[in-house]
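Student: Input: one structure, supplied below.
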Amino acid sequence: MVWNAFLLALREIRRSVMRSILTTLGIVIGVASVIAMVMLGDATTAYVHNSISKLGTNMLIITPGQQRRGPPSSDTTVKRFTHGDVAAMKRDLSESRGVAPVASTTLQAVYGNRNYPCSIEGSNNDYFTVREWGFLSGRPFSDTELQGGKPVCIIGETVRKELFDDENPLDAFLRLETFSCTVIGLLEPKGSSMFGRDQDDVIIVPIRMFQRRISGNQEISRIMIAADSPQKIETLKESAISLLRERRNIQPGNGEDFNIRDRREMVETLTSTTQMLTILLGAVAAISLLVGGIGIMNIMLVSVTERTREIGIRLAIGAMEREVLMQFLVESVVLSSLGGIIGVVLGIGAGIGISTYFELPLIFNAAITLIAFLFSALVGILFGFFPALKAARLNPIDALRYE
């Protein structure tokens with residue numbers, strides 16, 4: 001019986017192809033939108049994870065001053081970090097695998113007849129350990145260069161392209177404002193961060209050289225620490241807070257005059273935001289399915305009216321009410337299911353296209369795809385039941401008299 005009803009449904013759909021296409025359009029748009037939005041949301045979440053991992057995993061960033069939003073504070077009363085703080089962290093924080101002091105600014109870098117404004121960061125070799133940043137060529141700083149503040153530097157890929165083009169930058173003399181430094185290393189490309197900043201647009205110099213020749217003071221703007229493993233991050237954070245409170249003479253009960261940011265907190269915050277946006281976009285897209293269901297219900301009611309005499313003849317020659325009910329219900333489900341299939345194909349195609357255009361990871365969510373398709377079939381059942389019931393309850397005599 002179901003198979004016969006299915007064949008009859010296909011016959012009716014072929015009889016009015018354009019009307020069937022327009023009827024299922026709402027279902028197609030709804031299913032495609034849900035799948036595309038979920039794929040986009042999952043891709044954005046994966047992009048967030050990948051971008052933050054480029055900054056370094058299991059990492060804590062410590063900055064002076066209380067936590068605040070907006071641009072960095074220029075308040076000169078904020079107590080800055082010292083080399084003594086860094087040395088104490090290296091000595092006492094057993095959970096860490098690297099402690100990197102950082103001082104930074106922006107300067108004009110010059111090589112030959114080329115010049116390029118870029119970020120200059122003073123640090124030590126732990127900088128590369130903490131940020132998990134390898135070398136394409138060259139080497140890190142030697143102990144002599146770090147202790148004596150020698151004029152040497154390590155450059156990022158963007159700086160190499162802008163200043164050296166295809167030339168080998170190693171052992172070249174690079175001028176930063178009024179003094180020169182020797183390029184001893186080239187870092188591996190990291191690309192842009194999730195905030196749009198080009199991470200390869202950087203020149204790393206020994207921090208003592210930075211303080212002596214660039215900043216003119218001994219201030220350290222931030223300290224980056226990496227834990228041995230993800231399980232030790234919380235312990236490392238507590239140990240760092242305890243150590244800094246002691247060194248900065250902060251009395252019990254008083255708040256810290258420094259701020260520690262955990263990469264995990266950033267990941268969790270951004271992930272929860274993208275997931276919430278995905279749910280909202282999916283919910284909005286799902287409304288199209290309900291609109292499509294109303295369209296199916298409307299067309300099925302019209303179909304019942306148009307085929308009243310046909311229904312009357314079937315009932316008069318012995319068709320059961322449940323058979324007529326099944327016929328129209330199957331027709332409704334076939335319409336919505338065809339719309340669901342087309343919507344799945346379009347949704348996956350749209351998701352792939354959007355991910356490729358914005359250079360996002362391609363994430364296919366099979367569960368959501370299946371749920372969207374099953375929901376489209378369910379819409380056909382729900383909105384097709386009333387027209388089918390109306391057809392099944394027609395009086396054969398009245399139906400045969402219908403003009």
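As shown in the structure tokens, the chain order sets the letters A, B, ...; within each chain, residues go from 1, and ligands are also counted from 1 in the order they appear.
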Check the DSSP output for the backbone and give back, as number ranges by chain, the residues of range 136-197 of chain A in strand (DSSP E or B).

Tutor: A: 136-138, 152-155, 173-176, 179-187, 192

Student: Can you write just those residues out, N, CA and C atoms, as a compact mmCIF listing (two decimals), in the first residue's frame?

Tutor:
```txt
# COMPACT_ATOMS: atom_id res chain seq x y z
N LEU A 136 63.33 28.61 10.42
CA LEU A 136 63.54 28.14 9.06
C LEU A 136 65.03 28.02 8.78
N SER A 137 65.79 28.97 9.31
CA SER A 137 67.24 28.95 9.15
C SER A 137 67.84 29.81 10.26
N GLY A 138 69.14 29.66 10.44
CA GLY A 138 69.82 30.43 11.47
C GLY A 138 69.75 29.77 12.83
N VAL A 152 72.08 41.94 17.66
CA VAL A 152 71.70 40.86 16.75
C VAL A 152 70.17 40.76 16.76
N CYS A 153 69.62 40.13 15.73
CA CYS A 153 68.16 40.03 15.67
C CYS A 153 67.74 38.79 14.90
N ILE A 154 66.49 38.38 15.16
CA ILE A 154 65.85 37.26 14.48
C ILE A 154 64.56 37.80 13.87
N ILE A 155 64.33 37.53 12.60
CA ILE A 155 63.22 38.18 11.91
C ILE A 155 62.13 37.17 11.51
N PHE A 173 73.14 43.07 7.64
CA PHE A 173 73.05 44.14 8.64
C PHE A 173 71.75 44.91 8.43
N LEU A 174 70.92 44.88 9.45
CA LEU A 174 69.62 45.52 9.41
C LEU A 174 69.66 46.75 10.31
N ARG A 175 69.19 47.89 9.79
CA ARG A 175 69.22 49.11 10.61
C ARG A 175 67.86 49.36 11.24
N LEU A 176 67.87 49.57 12.55
CA LEU A 176 66.66 49.92 13.29
C LEU A 176 66.83 51.33 13.80
N PHE A 179 70.64 52.55 14.73
CA PHE A 179 71.71 51.58 14.95
C PHE A 179 71.44 50.33 14.11
N SER A 180 72.49 49.55 13.91
CA SER A 180 72.39 48.35 13.07
C SER A 180 72.49 47.09 13.91
N CYS A 181 71.88 46.02 13.41
CA CYS A 181 72.00 44.73 14.07
C CYS A 181 72.14 43.65 13.00
N THR A 182 72.76 42.55 13.38
CA THR A 182 73.02 41.45 12.45
C THR A 182 71.90 40.43 12.52
N VAL A 183 71.37 40.02 11.37
CA VAL A 183 70.32 39.01 11.33
C VAL A 183 70.97 37.63 11.52
N ILE A 184 70.56 36.92 12.56
CA ILE A 184 71.15 35.61 12.85
C ILE A 184 70.14 34.47 12.68
N GLY A 185 68.86 34.79 12.48
CA GLY A 185 67.86 33.74 12.38
C GLY A 185 66.62 34.18 11.63
N LEU A 186 65.95 33.21 11.01
CA LEU A 186 64.68 33.44 10.31
C LEU A 186 63.65 32.47 10.86
N LEU A 187 62.53 32.99 11.36
CA LEU A 187 61.49 32.18 11.99
C LEU A 187 60.57 31.53 10.97
N SER A 192 48.52 34.91 10.21
CA SER A 192 47.78 35.90 11.00
C SER A 192 47.12 35.24 12.20
```

Student: Excluding Met209 in chain A and residues on its chain fewer than 6 positions from it, collect all residues at most 9 Å away from it, counting only C-alpha atoms, and give them as a PyMOL selection string.

Tutor: chain A and resi 122+145-152

Student: Go ahead and write the selection's residues with C-alpha atoms as a PDB file, in the first residue's frame.

Tutor:
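So the final result, stored in result06.pdb, reads:
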```
ATOM      1  CA  GLY A 122      62.962  42.219  23.112  1.00  0.00           C
ATOM      2  CA  GLU A 145      74.502  37.971  23.066  1.00  0.00           C
ATOM      3  CA  LEU A 146      71.739  37.842  25.683  1.00  0.00           C
ATOM      4  CA  GLN A 147      73.894  38.907  28.634  1.00  0.00           C
ATOM      5  CA  GLY A 148      75.815  41.581  26.751  1.00  0.00           C
ATOM      6  CA  GLY A 149      72.858  42.911  24.759  1.00  0.00           C
ATOM      7  CA  LYS A 150      74.654  42.415  21.458  1.00  0.00           C
ATOM      8  CA  PRO A 151      73.136  44.022  18.331  1.00  0.00           C
ATOM      9  CA  VAL A 152      71.696  40.865  16.751  1.00  0.00           C
TER      10      VAL A 152
END
```

Student: Considering only C-alpha atoms, can you say which of A:Val304, A:Gly343, A:Val202, A:Gly216 comes closest to Glu12 in chain A?

Tutor: A:Val304

Student: Where does range 74-117 of chain A meet range 244-253 of chain A within 12 Å, residue by residue, with the nearest atom pair and distance in Å to one decimal for each, counting only C-alpha atoms, listed by chain and rising number, as a tab-separated table?

Tutor:
```
residue	atom	partner	partner_atom	distance
A:Val78	CA	A:Arg248	CA	11.6
A:Lys79	CA	A:Arg248	CA	8.6
A:Arg80	CA	A:Arg248	CA	10.0
A:Phe81	CA	A:Arg248	CA	9.4
A:Thr82	CA	A:Arg247	CA	10.4
A:Gly84	CA	A:Arg247	CA	9.2
A:Asp85	CA	A:Arg247	CA	7.5
A:Val86	CA	A:Leu244	CA	10.1
A:Ala87	CA	A:Arg247	CA	11.7
A:Ala88	CA	A:Arg247	CA	9.0
A:Met89	CA	A:Leu244	CA	8.8
A:Asp92	CA	A:Leu244	CA	11.1
A:Leu93	CA	A:Leu244	CA	11.2
```

Student: Hey, what's within 8 Å of range 360-377 of chain A if we count only C-alpha atoms and toss same-chain stuff fewer than 6 positions away? As a list in words, please?

Tutor: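 Using only C-alpha atoms, the neighbours found are Ile27, Val31, Val34, Ile35, Val38, Met39, Asp42, Ala43, Thr44, Ala46, Tyr47, Leu289, Val333, Val334, Ser336, Ser337, Gly339, Gly340, Ile341, Val344, Ile348 and Ile352 of chain A.
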
Student: I'd like the contact shell of Met300 in chain A - 10 Å cut-off, only C-alpha atoms, skipping same-chain residues fewer than 2 positions apart - returned as a VMD selection string.

Tutor: chain A and resid 23 294 to 298 302 to 306 328 to 329 331 to 332 383 to 388 391

Student: So that I can check the secondary structure, give me every residue of range 100-249 of chain A assigned alpha helix (DSSP H) by backbone DSSP, as an MDAnalysis selection string.

Tutor: chainID A and resid 126:130 143:148 157:163 207:209 233:247

Student: Find, counting only C-alpha atoms, the residue in A:Ser104, A:Ser272, A:Ile279, A:Asn115 that gets nearest to Pro206 in chain A.

Tutor: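 Among the listed residues, the smallest separation from Pro206 in chain A belongs to A:Ser104.
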
Student: Could you check how far CA of Gln108 in chain A sits from CA of Gly134 in chain A, in Å to one decimal?

Tutor: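 One can read the CA of Gln108 in chain A to CA of Gly134 in chain A distance as 24.8 Å.
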